[in-house]
>>> print(open('structure13.txt').read())   # compact mmCIF, C-alpha atoms
# COMPACT_ATOMS: atom_id res chain seq x y z
CA MET K 7 -46.20 23.61 41.24
CA THR K 8 -45.31 24.22 37.60
CA VAL K 9 -44.88 27.56 35.85
CA LEU K 10 -44.94 27.31 32.09
CA ALA K 11 -43.74 30.30 30.09
CA PRO K 12 -44.52 29.98 26.40
CA THR K 13 -43.07 32.68 24.16
CA GLY K 14 -43.94 34.21 20.81
CA ARG K 15 -47.24 33.50 19.10
CA LEU K 16 -49.53 30.98 20.73
CA ASP K 17 -51.31 30.09 17.51
CA VAL K 18 -51.95 27.13 15.27
CA ALA K 19 -48.18 26.74 14.87
CA GLY K 20 -47.26 27.31 18.52
CA ALA K 21 -50.07 25.56 20.40
CA PRO K 22 -48.79 21.95 20.17
CA ALA K 23 -45.76 22.76 22.34
CA LEU K 24 -47.99 24.04 25.14
CA LYS K 25 -50.19 20.94 24.91
CA TYR K 26 -47.10 18.76 25.22
CA ALA K 27 -45.81 20.69 28.24
CA ILE K 28 -49.17 20.39 29.99
CA GLY K 29 -49.22 16.67 29.29
CA GLU K 30 -45.83 16.34 30.98
CA ALA K 31 -46.97 18.37 34.01
CA VAL K 32 -50.05 16.17 34.47
CA LYS K 33 -47.93 13.00 34.56
CA ASN K 34 -46.54 13.89 37.97
CA GLY K 35 -49.75 13.84 39.97
CA PRO K 36 -52.41 16.50 40.67
CA PRO K 37 -50.86 19.54 39.04
CA LYS K 38 -50.94 23.16 40.00
CA VAL K 39 -49.95 25.04 36.87
CA VAL K 40 -49.45 28.71 36.15
CA ILE K 41 -49.13 29.68 32.50
CA ASP K 42 -47.02 32.83 32.42
CA MET K 43 -48.30 34.66 29.33
CA GLU K 44 -45.89 37.59 29.55
CA GLY K 45 -43.82 36.28 26.64
CA VAL K 46 -46.84 35.49 24.48
CA SER K 47 -47.16 38.21 21.87
CA PHE K 48 -50.32 36.94 20.20
CA VAL K 49 -52.94 34.27 20.72
CA ASP K 50 -55.44 32.88 18.23
CA SER K 51 -58.38 30.52 18.61
CA THR K 52 -56.15 27.47 18.26
CA GLY K 53 -53.85 28.76 20.97
CA LEU K 54 -56.90 29.41 23.10
CA GLY K 55 -58.01 25.84 22.38
CA SER K 56 -54.70 24.58 23.74
CA VAL K 57 -55.33 26.47 26.99
CA ILE K 58 -58.84 24.98 27.22
CA SER K 59 -57.32 21.56 26.60
CA ALA K 60 -54.83 22.28 29.38
CA LEU K 61 -57.62 23.23 31.74
CA LYS K 62 -59.49 19.98 31.00
CA GLN K 63 -56.39 17.86 31.53
CA ILE K 64 -55.47 19.61 34.75
CA ARG K 65 -58.95 19.55 36.24
CA GLY K 66 -59.26 15.93 35.16
CA SER K 67 -56.23 15.28 37.35
CA GLN K 68 -57.76 17.24 40.27
CA GLY K 69 -55.34 20.06 39.61
CA GLU K 70 -55.68 23.80 39.10
CA LEU K 71 -54.66 26.19 36.34
CA ARG K 72 -54.04 29.93 36.52
CA LEU K 73 -53.07 32.40 33.80
CA ALA K 74 -50.70 35.26 34.52
CA ALA K 75 -49.64 38.45 32.78
CA PRO K 76 -51.63 38.30 29.54
CA ASN K 77 -51.00 41.23 27.20
CA GLN K 78 -53.76 43.42 25.78
CA GLN K 79 -54.37 41.20 22.74
CA VAL K 80 -54.69 38.07 24.86
CA ARG K 81 -57.08 39.82 27.24
CA VAL K 82 -59.24 41.01 24.34
CA VAL K 83 -59.47 37.49 22.94
CA LEU K 84 -60.35 36.06 26.36
CA GLU K 85 -63.07 38.67 26.81
CA LEU K 86 -64.43 38.34 23.26
CA THR K 87 -64.88 34.61 23.72
CA THR K 88 -66.09 35.10 27.33
CA LEU K 89 -63.36 32.68 28.38
CA ASP K 90 -62.22 35.26 30.93
CA ARG K 91 -65.04 33.78 33.04
CA VAL K 92 -63.31 30.41 32.86
CA PHE K 93 -59.74 31.67 33.15
CA PRO K 94 -59.54 34.43 35.70
CA TYR K 95 -56.16 35.95 35.03
CA TYR K 96 -53.61 37.54 37.29
CA ALA K 97 -51.50 40.59 36.56
CA THR K 98 -48.24 38.87 37.46
CA VAL K 99 -46.90 35.38 38.10
CA GLU K 100 -46.29 36.39 41.71
CA GLU K 101 -49.99 37.23 42.14
CA ALA K 102 -50.99 33.96 40.50
CA LEU K 103 -48.76 32.03 42.89
CA THR K 104 -50.15 33.75 45.98
CA GLY K 105 -52.29 31.28 47.92
CA PHE K 106 -51.99 28.71 45.14
CA MET N 245 -59.40 58.30 12.78
CA GLY N 246 -59.40 58.18 9.00
CA THR N 247 -56.37 57.03 7.08
CA GLY N 248 -56.46 60.17 4.94
CA HIS N 249 -53.95 60.39 2.15
CA ARG N 250 -51.62 57.64 3.37
CA ARG N 251 -50.86 54.90 0.89
CA PHE N 252 -49.91 51.38 1.79
CA GLU N 253 -50.08 48.24 -0.26
CA PHE N 254 -48.51 44.84 0.39
CA HIS N 255 -48.68 41.71 -1.75
CA ALA N 256 -47.42 38.20 -1.08
CA THR N 257 -47.96 34.60 -2.05
CA PHE N 258 -47.18 31.72 0.27
CA SER N 259 -47.87 28.06 0.86
CA GLY N 260 -46.44 26.92 4.20
CA LEU N 261 -48.25 27.44 7.50
CA ASP N 262 -45.38 28.98 9.47
CA GLU N 263 -44.21 31.02 6.49
CA GLY N 264 -47.70 32.28 5.78
CA LEU N 265 -48.46 33.28 9.36
CA ASP N 266 -45.10 35.06 9.62
CA ILE N 267 -45.88 37.03 6.46
CA LEU N 268 -49.36 38.00 7.66
CA HIS N 269 -48.11 39.31 11.00
CA ASP N 270 -45.13 41.00 9.37
CA SER N 271 -47.42 42.80 6.95
CA VAL N 272 -49.41 44.28 9.84
CA ASP N 273 -46.17 45.37 11.51
CA ARG N 274 -45.21 47.12 8.27
CA LEU N 275 -48.59 48.83 8.22
CA ARG N 276 -48.06 49.99 11.81
CA ARG N 277 -44.72 51.50 10.90
CA ALA N 278 -46.06 53.07 7.72
CA THR N 279 -48.92 54.75 9.55
CA GLY N 280 -47.09 55.63 12.74
CA ARG N 281 -49.33 53.44 14.87
CA GLY N 282 -47.92 51.75 17.94
CA PRO N 283 -48.17 48.11 18.98
CA ASP N 284 -51.07 48.99 21.33
CA ASP N 285 -53.24 50.50 18.58
CA ARG N 286 -56.51 48.76 19.34
CA ALA N 287 -58.09 48.80 15.87
CA LEU N 288 -55.03 47.27 14.24
CA MET N 289 -54.68 44.76 17.07
CA LEU N 290 -58.27 43.62 16.51
CA PHE N 291 -57.67 43.49 12.76
CA GLU N 292 -54.48 41.43 13.21
CA THR N 293 -56.35 38.99 15.44
CA ALA N 294 -59.03 38.49 12.78
CA LEU N 295 -56.40 38.21 10.05
CA GLY N 296 -54.65 35.49 12.05
CA GLU N 297 -57.90 33.53 12.29
CA ILE N 298 -58.78 33.72 8.62
CA GLY N 299 -55.15 33.23 7.62
CA SER N 300 -54.73 30.08 9.67
CA ASN N 301 -58.02 28.71 8.29
CA VAL N 302 -56.87 29.40 4.76
CA LEU N 303 -53.43 27.92 5.35
CA THR N 304 -54.84 24.85 7.08
CA HIS N 305 -57.83 24.09 4.83
CA GLY N 306 -57.14 26.09 1.69
CA LYS N 307 -54.43 23.92 0.19
CA PRO N 308 -55.89 20.52 -0.59
CA ALA N 309 -53.46 17.69 -1.32
CA GLY N 310 -52.13 17.85 -4.84
CA THR N 311 -52.63 21.56 -5.39
CA GLU N 312 -49.63 23.69 -6.25
CA ARG N 313 -51.44 26.97 -6.11
CA PRO N 314 -50.19 29.24 -3.31
CA VAL N 315 -52.35 31.49 -1.19
CA GLU N 316 -52.51 35.02 -2.59
CA TYR N 317 -52.55 37.85 -0.09
CA THR N 318 -52.97 41.60 -0.33
CA LEU N 319 -53.09 44.20 2.43
CA ARG N 320 -53.85 47.83 1.69
CA LEU N 321 -55.22 51.03 3.10
CA ASP N 322 -58.26 52.66 1.60
CA GLY N 323 -59.82 55.95 2.57
CA HIS N 324 -61.39 54.64 5.75
CA GLY N 325 -59.36 51.72 6.97
CA VAL N 326 -57.45 48.60 6.22
CA VAL N 327 -58.49 45.93 3.73
CA ALA N 328 -57.00 42.45 3.39
CA SER N 329 -57.81 39.87 0.76
CA LEU N 330 -56.86 36.21 0.73
CA THR N 331 -57.45 33.78 -2.12
CA ASP N 332 -57.06 30.04 -1.71
CA SER N 333 -57.90 26.93 -3.68
CA GLY N 334 -59.48 24.92 -0.89
CA PRO N 335 -63.01 23.53 -0.83
CA ARG N 336 -66.00 25.84 -0.59
CA VAL N 337 -66.61 27.15 2.92
CA HIS N 338 -70.12 26.70 4.25
CA GLU N 339 -71.98 28.69 6.89
CA HIS N 340 -69.04 31.03 7.36
CA LEU N 341 -71.25 33.95 8.32
CA SER N 342 -73.54 32.09 10.67
CA ARG N 343 -71.22 30.13 12.92
CA GLU N 344 -71.83 30.99 16.54
CA MET N 345 -69.21 31.22 19.25
CA PRO N 346 -69.02 27.73 20.76
CA GLY N 347 -69.36 27.06 24.48
CA HIS N 348 -66.48 27.30 26.92
CA GLU N 349 -65.75 23.58 26.88
CA HIS N 350 -65.05 23.44 23.13
CA GLU N 351 -61.42 23.56 22.07
CA ASP N 352 -62.04 24.70 18.49
CA GLY N 353 -64.57 26.30 16.19
CA ARG N 354 -64.12 29.92 17.34
CA GLY N 355 -62.07 31.32 14.47
CA LEU N 356 -64.77 32.55 12.11
CA ALA N 357 -67.03 33.80 14.88
CA MET N 358 -64.11 35.74 16.36
CA ALA N 359 -63.12 37.23 13.01
CA ARG N 360 -66.69 38.31 12.31
CA SER N 361 -66.91 40.05 15.70
CA LEU N 362 -63.58 41.81 15.32
CA LEU N 363 -64.04 43.22 11.81
CA ASP N 364 -66.36 45.77 10.26
CA GLU N 365 -66.76 43.47 7.27
CA LEU N 366 -65.89 39.85 6.63
CA GLY N 367 -66.59 38.96 3.02
CA TYR N 368 -66.43 35.58 1.39
CA GLU N 369 -67.22 34.39 -2.11
CA ARG N 370 -66.66 31.24 -4.07
CA ASP N 371 -65.21 32.21 -7.44
CA GLY N 372 -64.89 29.18 -9.69
CA GLU N 373 -62.37 26.93 -7.99
CA VAL N 374 -61.11 29.43 -5.43
CA ASN N 375 -62.26 31.05 -2.19
CA ARG N 376 -61.94 34.81 -1.88
CA TRP N 377 -61.90 36.38 1.58
CA LYS N 378 -62.11 40.08 2.28
CA LEU N 379 -61.42 41.59 5.70
CA VAL N 380 -62.20 45.24 6.42
CA LYS N 381 -61.51 47.24 9.56
CA ARG N 382 -62.05 50.97 9.94
CA LEU N 383 -59.12 52.78 11.51
>>> encode(input="structure13.txt", output="structure tokens")
Amino acid sequence: MTVLAPTGRLDVAGAPALKYAIGEAVKNGPPKVVIDMEGVSFVDSTGLGSVISALKQIRGSQGELRLAAPNQQVRVVLELTTLDRVFPYYATVEEALTGF
Amino acid sequence: MGTGHRRFEFHATFSGLDEGLDILHDSVDRLRRATGRGPDDRALMLFETALGEIGSNVLTHGKPAGTERPVEYTLRLDGHGVVASLTDSGPRVHEHLSREMPGHEHEDGRGLAMARSLLDELGYERDGEVNRWKLVKRL
């Protein structure tokens, strides 16, 4: 089980670090990953792309990805792009970890 | 809610990606403070999201190799809302108003479609050798 907690803006400047962290998590076998979004102040389409990339990598390794604690802006972006259907999100990390 | 008599105007020029994005977000924070709007103000949050999309496009594609010209940026209030303009010297942008939201499996290509959905007006014109973007959101 891995909990990643990016901070600040998850945008075109911040997305590569998340991609790298996911790549490391996948190296150690079928990963179960929670991305704790509480510290993410803002997400853009490139940041969203890095989460989609993470999902592909993790599912490709027979793993599972959950998002936790997105702020209002992140939720709006997920809903606008209908990606909330792909990434059901949890209010807290604890909820995301329950039954994971 | 109209913006009434409040005045706000911000100008900047920038070239670097990180620098430019910092300035764009900082300008919206200044606007929040100037208008007494909190961080959860939905209209400004939607506007900032669109501004981030257009800004990152401009900063990524709007500075072709060899050009020295910085991106020019203005943010201001008018009688009804907030207006941003960005001018860059990148190549002409095609189909900016018709790009659809890509499917869930795609990792990119959402920026313009998102910006268009979030704003009341997304304007673009090619003016000689520069691109001029205009973003409008009623407040």
>>> atom_distance(input="structure13.txt", atom1="CA of Asn375 in chain N", atom2="CA of Leu356 in chain N")
14.6 Å
>>> residues_near_point(input="structure13.txt", point="(-46.3, 27.6, 33.1)", cutoff="9 Å", atoms="all atoms listed in the file", output="VMD selection string")
chain K and resid 8 to 12 24 27 to 28 39 to 43 72 to 74
>>> atom_distance(input="structure13.txt", atom1="CA of Gln68 in chain K", atom2="CA of Met7 in chain K")
13.2 Å
>>> interface_residues(input="structure13.txt", of="chain N", to="chain K", cutoff="7 Å", atoms="only C-alpha atoms", output="list of chain:residue names")
N:Asp262, N:Met289, N:Thr293, N:Gly296, N:Glu297, N:Ser300, N:His348, N:Glu351, N:Asp352, N:Arg354, N:Gly355
>>> atom_distance(input="structure13.txt", atom1="CA of Val272 in chain N", atom2="CA of Gly306 in chain N")
21.4 Å
>>> residues_around(input="structure13.txt", residues="Thr279 in chain N", least_positions_apart="3", cutoff="10 Å", atoms="all atoms listed in the file", output="PDB file with C-alpha atoms, keeping the file's coordinate frame")
ATOM      1  CA  THR N 247     -56.370  57.030   7.080  1.00  0.00           C
ATOM      2  CA  ARG N 250     -51.620  57.640   3.370  1.00  0.00           C
ATOM      3  CA  ARG N 251     -50.860  54.900   0.890  1.00  0.00           C
ATOM      4  CA  PHE N 252     -49.910  51.380   1.790  1.00  0.00           C
ATOM      5  CA  ASP N 273     -46.170  45.370  11.510  1.00  0.00           C
ATOM      6  CA  ARG N 274     -45.210  47.120   8.270  1.00  0.00           C
ATOM      7  CA  LEU N 275     -48.590  48.830   8.220  1.00  0.00           C
ATOM      8  CA  ARG N 276     -48.060  49.990  11.810  1.00  0.00           C
ATOM      9  CA  GLY N 282     -47.920  51.750  17.940  1.00  0.00           C
ATOM     10  CA  LEU N 321     -55.220  51.030   3.100  1.00  0.00           C
TER      11      LEU N 321
END
>>> axis_aligned_box(input="structure13.txt", around="range 299-302 of chain N", padding_each_side="8 Å", output="lines of an AutoDock Vina configuration file")
center_x = -56.4
center_y = 31.0
center_z = 7.2
size_x = 19.3
size_y = 20.5
size_z = 20.9
>>> residues_around(input="structure13.txt", residues="Gly299 in chain N", least_positions_apart="4", cutoff="8 Å", atoms="all atoms listed in the file", output="ChimeraX atom specification")
/N:264-265,268,295,303,330
>>> closest_residue(input="structure13.txt", among="N:Pro314, N:Trp377, N:Val326, N:Asp332", to="Asp364 in chain N", atoms="only C-alpha atoms")
N:Val326
>>> decode(input="structure13.txt", residues="range 253-291 of chain N", atoms="C-alpha atoms", output="mmCIF file, in the first residue's frame")
data_model
loop_
_atom_site.group_PDB
_atom_site.id
_atom_site.type_symbol
_atom_site.label_atom_id
_atom_site.label_comp_id
_atom_site.auth_asym_id
_atom_site.auth_seq_id
_atom_site.Cartn_x
_atom_site.Cartn_y
_atom_site.Cartn_z
ATOM 1 C CA GLU N 253 -5.915 46.196 -13.211
ATOM 2 C CA PHE N 254 -2.793 44.048 -13.309
ATOM 3 C CA HIS N 255 -0.106 43.884 -15.988
ATOM 4 C CA ALA N 256 2.888 41.590 -16.348
ATOM 5 C CA THR N 257 5.263 40.159 -18.898
ATOM 6 C CA PHE N 258 6.982 36.822 -18.443
ATOM 7 C CA SER N 259 8.806 34.101 -20.313
ATOM 8 C CA GLY N 260 9.456 31.104 -18.061
ATOM 9 C CA LEU N 261 6.841 28.423 -17.395
ATOM 10 C CA ASP N 262 7.084 28.353 -13.594
ATOM 11 C CA GLU N 263 7.443 32.121 -13.376
ATOM 12 C CA GLY N 264 4.493 32.689 -15.673
ATOM 13 C CA LEU N 265 2.172 30.284 -13.881
ATOM 14 C CA ASP N 266 3.126 31.805 -10.515
ATOM 15 C CA ILE N 267 2.285 35.276 -11.825
ATOM 16 C CA LEU N 268 -1.067 34.173 -13.256
ATOM 17 C CA HIS N 269 -2.189 32.550 -10.002
ATOM 18 C CA ASP N 270 -0.823 35.430 -7.941
ATOM 19 C CA SER N 271 -2.791 37.909 -10.027
ATOM 20 C CA VAL N 272 -6.035 36.072 -9.253
ATOM 21 C CA ASP N 273 -5.146 36.054 -5.557
ATOM 22 C CA ARG N 274 -4.649 39.817 -5.763
ATOM 23 C CA LEU N 275 -8.035 40.147 -7.425
ATOM 24 C CA ARG N 276 -9.620 38.096 -4.632
ATOM 25 C CA ARG N 277 -8.116 40.372 -2.022
ATOM 26 C CA ALA N 278 -9.051 43.523 -3.927
ATOM 27 C CA THR N 279 -12.672 42.452 -4.249
ATOM 28 C CA GLY N 280 -13.070 40.824 -0.852
ATOM 29 C CA ARG N 281 -13.764 37.412 -2.358
ATOM 30 C CA GLY N 282 -12.666 34.306 -0.516
ATOM 31 C CA PRO N 283 -10.716 31.324 -1.819
ATOM 32 C CA ASP N 284 -13.983 29.382 -2.262
ATOM 33 C CA ASP N 285 -15.568 31.983 -4.565
ATOM 34 C CA ARG N 286 -16.815 29.697 -7.318
ATOM 35 C CA ALA N 287 -16.783 32.132 -10.246
ATOM 36 C CA LEU N 288 -13.196 33.168 -9.605
ATOM 37 C CA MET N 289 -12.176 29.559 -9.027
ATOM 38 C CA LEU N 290 -13.618 28.599 -12.422
ATOM 39 C CA PHE N 291 -11.932 31.604 -14.016
#
